[in-house]
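Novice: Supplied structure: final-v5.txt, compact mmCIF, C-alpha atoms and all ligand atoms.
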# COMPACT_ATOMS: atom_id res chain seq x y z
CA MET P 1 83.62 -11.58 115.83
CA LYS P 2 86.01 -8.70 115.96
CA THR P 3 85.10 -7.89 112.33
CA LEU P 4 81.38 -7.97 113.18
CA VAL P 5 81.88 -5.64 116.18
CA SER P 6 83.89 -3.25 114.01
CA THR P 7 81.20 -3.33 111.32
CA LEU P 8 78.43 -2.62 113.86
CA ALA P 9 80.49 0.24 115.28
CA VAL P 10 80.88 1.76 111.82
CA ILE P 11 77.09 1.45 111.19
CA ALA P 12 76.37 3.05 114.59
CA VAL P 13 78.66 5.99 113.82
CA SER P 14 77.10 6.37 110.35
CA LEU P 15 73.55 6.37 111.77
CA ALA P 16 74.50 8.94 114.39
CA ALA P 17 75.61 11.25 111.58
CA LEU P 18 72.18 11.09 109.90
CA PRO P 19 69.60 13.77 110.72
CA ALA P 20 66.96 12.75 113.24
CA PRO P 21 63.76 11.41 111.63
CA ALA P 22 61.06 14.04 111.17
CA SER P 23 58.53 13.76 113.96
CA GLU P 24 54.86 14.72 114.03
CA PRO P 25 54.35 18.25 115.36
CA ALA P 26 53.61 18.25 119.07
CA LYS P 27 50.05 19.15 120.05
CA CYS P 28 51.26 22.33 121.71
CA GLU P 29 52.98 23.64 118.57
CA LYS P 30 51.21 26.43 116.73
CA ILE P 31 49.25 25.53 113.61
CA ARG P 32 50.93 27.00 110.53
CA VAL P 33 48.34 28.52 108.19
CA LEU P 34 48.83 29.91 104.68
CA VAL P 35 46.00 32.39 104.02
CA THR P 36 45.25 33.11 100.35
CA VAL P 37 43.52 36.37 99.41
CA GLY P 38 42.82 38.35 96.24
CA GLY P 39 40.57 38.18 93.21
CA HIS P 40 37.91 39.85 95.38
CA GLY P 41 38.07 42.92 97.61
CA TYR P 42 38.03 42.72 101.43
CA GLU P 43 38.68 44.85 104.51
CA GLU P 44 42.34 44.14 105.09
CA ALA P 45 42.99 45.68 108.54
CA PRO P 46 40.17 43.95 110.50
CA PHE P 47 40.81 40.72 108.58
CA ASP P 48 44.46 40.72 109.63
CA ALA P 49 43.52 41.68 113.20
CA MET P 50 41.21 38.67 113.42
CA TRP P 51 43.97 36.30 112.31
CA ASN P 52 46.46 37.88 114.72
CA ALA P 53 44.07 37.23 117.61
CA PHE P 54 43.58 33.50 116.90
CA PRO P 55 45.06 31.31 119.65
CA GLY P 56 47.47 28.54 118.68
CA VAL P 57 47.86 29.81 115.10
CA THR P 58 50.76 31.32 113.18
CA TRP P 59 49.81 32.61 109.73
CA LYS P 60 51.16 34.08 106.53
CA LYS P 61 49.10 35.83 103.86
CA ILE P 62 49.70 35.46 100.14
CA GLU P 63 47.88 37.24 97.35
CA VAL P 64 46.58 36.01 93.99
CA PRO P 65 48.34 35.13 91.69
CA LYS P 66 51.46 34.48 93.82
CA GLN P 67 49.78 31.61 95.70
CA ALA P 68 49.30 29.50 92.58
CA ASP P 69 52.89 28.25 92.25
CA LEU P 70 53.10 27.42 95.99
CA LEU P 71 50.13 25.06 96.06
CA LYS P 72 51.96 21.88 95.16
CA PRO P 73 53.40 18.79 96.90
CA GLY P 74 55.97 19.85 99.50
CA LEU P 75 53.84 22.69 100.90
CA GLU P 76 52.49 20.24 103.49
CA LYS P 77 55.96 20.30 105.13
CA GLN P 78 55.77 24.10 105.62
CA TYR P 79 52.09 24.55 106.48
CA ASP P 80 49.41 22.57 108.28
CA VAL P 81 46.43 24.35 106.72
CA ILE P 82 45.62 26.43 103.62
CA ALA P 83 42.86 28.94 104.43
CA MET P 84 41.41 30.16 101.14
CA TYR P 85 39.74 33.58 101.12
CA ASP P 86 40.63 34.22 97.48
CA MET P 87 38.46 34.20 94.37
CA CYS P 88 41.22 33.16 92.00
CA GLN P 89 40.19 32.25 88.46
CA GLY P 90 43.52 31.71 86.81
CA PHE P 91 45.24 28.38 87.48
CA SER P 92 47.10 26.81 84.58
CA PRO P 93 46.42 23.10 83.91
CA LYS P 94 49.78 22.31 85.59
CA GLN P 95 48.88 24.39 88.68
CA GLU P 96 45.50 22.62 88.89
CA GLU P 97 47.23 19.25 88.72
CA ASP P 98 49.81 20.25 91.38
CA PHE P 99 47.15 21.55 93.77
CA ALA P 100 45.11 18.33 93.45
CA GLU P 101 48.30 16.29 94.05
CA LEU P 102 49.07 18.32 97.20
CA LEU P 103 45.60 17.55 98.55
CA LYS P 104 46.02 13.87 97.74
CA LYS P 105 49.16 13.90 99.92
CA GLY P 106 47.26 15.64 102.72
CA ILE P 107 47.11 19.22 104.04
CA GLY P 108 44.26 20.88 105.91
CA VAL P 109 41.94 23.12 103.87
CA VAL P 110 39.56 25.80 105.14
CA SER P 111 37.59 27.51 102.37
CA MET P 112 35.86 30.76 103.25
CA HIS P 113 33.03 32.88 101.90
CA HIS P 114 33.67 34.04 98.27
CA ASN P 115 36.22 31.25 97.71
CA MET P 116 33.13 29.33 96.59
CA GLY P 117 33.18 31.47 93.43
CA ALA P 118 36.82 30.71 92.60
CA HIS P 119 37.97 28.54 89.67
CA GLN P 120 34.71 28.71 87.67
CA LYS P 121 36.20 26.76 84.76
CA TRP P 122 38.02 24.12 86.82
CA ASN P 123 35.44 21.39 87.46
CA GLU P 124 37.55 19.62 90.10
CA PHE P 125 37.49 22.66 92.40
CA ARG P 126 33.81 22.20 93.27
CA LYS P 127 34.65 18.62 94.28
CA ILE P 128 37.50 19.87 96.49
CA ILE P 129 35.40 22.33 98.50
CA GLY P 130 32.06 20.57 97.98
CA ALA P 131 30.29 23.55 96.40
CA LYS P 132 30.11 26.07 93.60
CA PHE P 133 28.81 29.65 93.28
CA PRO P 134 28.15 29.82 89.51
CA THR P 135 28.87 33.23 88.00
CA THR P 136 27.43 32.25 84.59
CA ASP P 137 24.80 29.77 83.37
CA CYS P 138 26.19 26.27 83.86
CA VAL P 139 25.25 22.61 84.20
CA ILE P 140 26.29 20.65 87.29
CA ASP P 141 25.58 16.90 87.40
CA GLY P 142 22.99 17.33 84.64
CA VAL P 143 21.12 20.20 86.36
CA LYS P 144 21.06 23.72 84.89
CA TYR P 145 22.15 26.54 87.20
CA LYS P 146 21.68 30.29 86.76
CA PRO P 147 24.31 32.71 88.11
CA SER P 148 24.15 32.80 91.91
CA THR P 149 23.01 35.95 93.73
CA TRP P 150 24.23 37.90 96.75
CA ASP P 151 22.81 40.48 99.15
CA HIS P 152 24.84 42.51 101.62
CA ASP P 153 23.88 43.56 105.15
CA GLN P 154 21.43 40.83 105.98
CA ASP P 155 20.56 39.53 109.44
CA MET P 156 20.80 35.77 109.25
CA LYS P 157 19.66 33.26 111.84
CA ILE P 158 22.16 30.41 111.91
CA ALA P 159 21.15 26.98 113.21
CA VAL P 160 23.80 24.53 114.40
CA VAL P 161 22.55 21.29 112.80
CA CYS P 162 25.55 19.17 113.82
CA LYS P 163 26.22 19.94 117.47
CA ASP P 164 28.73 17.17 118.25
CA HIS P 165 31.42 18.21 115.73
CA PRO P 166 34.77 19.74 116.84
CA ILE P 167 34.07 22.77 114.60
CA THR P 168 30.72 23.60 116.25
CA LYS P 169 31.73 22.66 119.80
CA GLY P 170 30.47 25.31 122.25
CA VAL P 171 28.53 27.20 119.56
CA CYS P 172 24.73 27.58 119.93
CA ASP P 173 22.27 28.90 117.33
CA PHE P 174 23.05 32.57 116.70
CA THR P 175 22.29 35.62 114.53
CA ILE P 176 24.90 37.31 112.34
CA HIS P 177 24.91 40.43 110.14
CA ASP P 178 26.48 39.24 106.91
CA GLU P 179 26.10 38.67 103.18
CA THR P 180 23.66 36.06 101.84
CA TYR P 181 24.30 33.87 98.79
CA GLY P 182 21.50 32.48 96.65
CA GLY P 183 21.31 29.64 94.14
CA TYR P 184 24.62 27.93 94.85
CA TRP P 185 25.36 24.21 94.45
CA VAL P 186 26.41 22.02 97.38
CA SER P 187 27.63 18.46 96.98
CA PRO P 188 25.29 15.84 98.49
CA LYS P 189 28.43 14.20 99.92
CA VAL P 190 29.28 16.94 102.45
CA LYS P 191 28.50 16.80 106.17
CA VAL P 192 26.45 19.94 106.90
CA LEU P 193 27.25 21.71 110.18
CA LEU P 194 25.27 24.99 109.93
CA LYS P 195 22.12 26.11 108.10
CA THR P 196 20.05 29.27 107.73
CA ASP P 197 16.38 29.82 107.00
CA ASN P 198 17.02 33.28 105.51
CA PRO P 199 14.97 33.30 102.25
CA LYS P 200 17.78 35.10 100.40
CA ASN P 201 20.29 32.39 101.30
CA LYS P 202 19.37 29.29 99.29
CA PRO P 203 19.57 26.34 99.47
CA GLY P 204 20.55 27.17 103.06
CA GLN P 205 23.69 25.22 103.96
CA ILE P 206 26.20 27.58 105.65
CA ALA P 207 29.09 25.36 106.75
CA TRP P 208 30.19 21.80 106.14
CA THR P 209 33.07 19.38 106.05
CA THR P 210 34.28 17.09 103.31
CA HIS P 211 37.46 15.28 102.26
CA TYR P 212 39.67 15.35 99.17
CA GLY P 213 42.51 12.85 98.88
CA LYS P 214 44.07 12.76 102.35
CA SER P 215 43.00 16.33 103.12
CA ARG P 216 40.33 17.41 105.56
CA VAL P 217 38.27 20.23 104.04
CA ALA P 218 35.99 22.65 105.91
CA TYR P 219 33.89 25.35 104.27
CA LEU P 220 32.42 28.40 106.07
CA MET P 221 30.16 30.62 103.94
CA LEU P 222 30.01 33.46 106.48
CA GLY P 223 32.57 36.24 106.64
CA HIS P 224 32.02 39.11 104.18
CA ASP P 225 33.46 41.86 106.40
CA HIS P 226 34.29 43.05 109.92
CA GLN P 227 30.63 42.80 110.99
CA ALA P 228 30.85 39.03 110.59
CA TRP P 229 34.49 38.65 111.66
CA GLN P 230 33.82 40.45 114.94
CA ASN P 231 30.91 38.17 115.79
CA PRO P 232 32.38 35.85 118.46
CA ASN P 233 30.54 32.86 117.00
CA TYR P 234 32.22 33.42 113.63
CA ALA P 235 35.70 33.65 115.12
CA LYS P 236 35.09 30.53 117.23
CA LEU P 237 33.86 28.54 114.21
CA LEU P 238 36.78 29.61 112.04
CA VAL P 239 39.50 28.87 114.58
CA GLN P 240 37.90 25.51 115.40
CA ALA P 241 37.73 24.74 111.67
CA ILE P 242 41.47 25.43 111.40
CA HIS P 243 42.23 23.12 114.33
CA TRP P 244 39.98 20.39 112.87
CA ALA P 245 41.49 20.71 109.36
CA ALA P 246 44.98 20.44 110.88
CA GLY P 247 43.92 17.24 112.67
CA ARG P 248 44.42 18.73 116.15
ZN ZN G 301 31.29 38.96 100.32
Using C-alpha cells, write down the structure that the file contains.
Ligand SMILES: [Zn+2]
Specialist:
Amino acid sequence: MKTLVSTLAVIAVSLAALPAPASEPAKCEKIRVLVTVGGHGYEEAPFDAMWNAFPGVTWKKIEVPKQADLLKPGLEKQYDVIAMYDMCQGFSPKQEEDFAELLKKGIGVVSMHHNMGAHQKWNEFRKIIGAKFPTTDCVIDGVKYKPSTWDHDQDMKIAVVCKDHPITKGVCDFTIHDETYGGYWVSPKVKVLLKTDNPKNKPGQIAWTTHYGKSRVAYLMLGHDHQAWQNPNYAKLLVQAIHWAAGR
C-alpha cells in the first residue's frame, strides 16, 4: 500500500508539472483575424480604419506573396479567421496542398470581393469559396465561361434573401454604391444570403456561406472601396461574417 501511495504521489507531482491543457477561447476573447491583401489595388487607409473599428476583433494584415507560406496546419492555433481580400495567383502545389489541409483541420474563412478572382489555375479554390470570377475563357462543370466583367460606381439594390442567418441578423434590404461583377460562377451547393437585381451584376448572388473540410466559409462580394466600406450595412455584414466564421 505504501508503494502504491508513493507511486500515486509521484504521478500527481509529474502531472502538476505538465502545462495546463489548451482550453477553447472564452466567448469574450477577441477574434484573431489574419487579413490577406495584395495582387489587386485597394484604398489602404480607409480599409485599415474599418478593421480598426470592428468590435471584438484583433487583426493583422499580410501581403501577397508573404501569406502563402503561413496558410498551413498550425495557423489555426494563432488565428480564428482568415479574411481574404487578396487576388493571389501564385501558390505552389505544396502551398495549395498545405492550405487545403489547414481548412480540413478547421479555421474560419471570410472571402471578400476580388478574392473571387484569385487562384485562376487552382481548381480547388473555387470549391473552397464556392465561386469563381474567370479572367480567361474556361470550362466549369462542363459549361463554357467567358471572362467575367466589372463596372465601378454602380448603385445596387441588395435583397436579404436569408433573414434568419447570424450574418444577416439586423440587416434589412439596402442600397449600396459599389462595383458590380458579371458572368461569374457560383456553386449550387452554397447557401445564398444576399442577392441583387442590378442587370450588370449577374447571376445576382452577392453573399453566401459554404463549408470546406472543418472550416466555415463566408463570401461577401461587396467592398470595392471606401464608399462600400463606409456603408453601415456592409460593415455589419462583414463583422457578423467574421463572428460566424469563428463559430462565435
Ligand atoms: Zn473592386
Novice: When you look at P:Pro232 with a cut-off of 12 Å (counting only C-alpha atoms), what residues show up, excluding the ones that are within fewer than 6 positions of it in the same chain? I need them as a PDB file with C-alpha atoms, keeping the file's coordinate frame.
Specialist:
ATOM      1  CA  MET P  50      41.210  38.670 113.420  1.00  0.00           C
ATOM      2  CA  ALA P  53      44.070  37.230 117.610  1.00  0.00           C
ATOM      3  CA  PHE P  54      43.580  33.500 116.900  1.00  0.00           C
ATOM      4  CA  GLY P 170      30.470  25.310 122.250  1.00  0.00           C
ATOM      5  CA  VAL P 171      28.530  27.200 119.560  1.00  0.00           C
ATOM      6  CA  CYS P 172      24.730  27.580 119.930  1.00  0.00           C
ATOM      7  CA  PHE P 174      23.050  32.570 116.700  1.00  0.00           C
ATOM      8  CA  THR P 175      22.290  35.620 114.530  1.00  0.00           C
ATOM      9  CA  ILE P 176      24.900  37.310 112.340  1.00  0.00           C
ATOM     10  CA  GLY P 223      32.570  36.240 106.640  1.00  0.00           C
ATOM     11  CA  HIS P 226      34.290  43.050 109.920  1.00  0.00           C
ATOM     12  CA  LEU P 238      36.780  29.610 112.040  1.00  0.00           C
ATOM     13  CA  VAL P 239      39.500  28.870 114.580  1.00  0.00           C
TER      14      VAL P 239
END
Novice: Hey, can you check how far atom CA of P:Ser111 sits from atom CA of P:Leu220?
Specialist: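 Interatomic distance, atom CA of P:Ser111 to atom CA of P:Leu220: 6.4 Å.
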Novice: I'd like to know which of P:His243, P:Gly183, P:Val57, P:Met156 is closest to P:Asp137, using all atoms listed in the file.
Specialist: P:Gly183
Novice: For ligand ZN 301 (chain G), collect every residue having any atom at a distance of at most 12 Å from a ligand atom (counting only C-alpha atoms and all ligand atoms); output as a count of residues only.
Specialist: 35
Novice: Pick out the closest residue to P:Gly247 from this set: P:Ser215, P:Thr196, P:Gln67, P:Thr136. Count all atoms listed in the file.
Specialist: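 Going through P:Ser215, P:Thr196, P:Gln67, P:Thr136 one by one, the smallest distance to P:Gly247 is for P:Ser215.
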Novice: In Å, with one decimal, what is the gap from atom CA of P:Gly204 to atom CA of P:Ile128?
Specialist: 19.6 Å
Novice: Can you tell me which residues surround P:Gly106 at a distance of at most 9 Å, considering all atoms listed in the file, apart from same-chain residues fewer than 6 positions away, and format the answer as a ChimeraX atom specification?
Specialist: /P:76,212-216
Novice: Ranking P:Ala83, P:Tyr184, P:Gly56, P:Pro166 by minimum distance to P:Gln240 and counting all atoms listed in the file, which one comes first?
Specialist: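 Checking each of P:Ala83, P:Tyr184, P:Gly56, P:Pro166 against P:Gln240, counting all atoms listed in the file, the winner is P:Pro166.
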Novice: Expressed in Å to a single decimal, how great is the separation between atom CA of P:Val217 and atom CA of P:Gly108?
Specialist: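 Atom CA of P:Val217 sits 6.3 Å away from atom CA of P:Gly108.
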Novice: Restricting the calculation to all atoms listed in the file, which member of P:Phe125, P:Phe47, P:Phe91, P:Trp59 is positioned closest to P:Ala235?
Specialist: P:Phe47
Novice: Looking at P:Ile158, P:Ile129, P:Leu34, P:Ala218, which one is nearest to P:Asn201, with distances taken over all atoms listed in the file?
Specialist: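 Answer, going by the shortest atom-to-atom distance: P:Ile158.
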Novice: Nearest to P:Ala207 among P:Leu70, P:Val161, P:Leu75, P:Ala245, with distances taken over all atoms listed in the file: which residue is it?
Specialist: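 When distances to P:Ala207 are compared using all atoms listed in the file, the smallest one comes from P:Val161.
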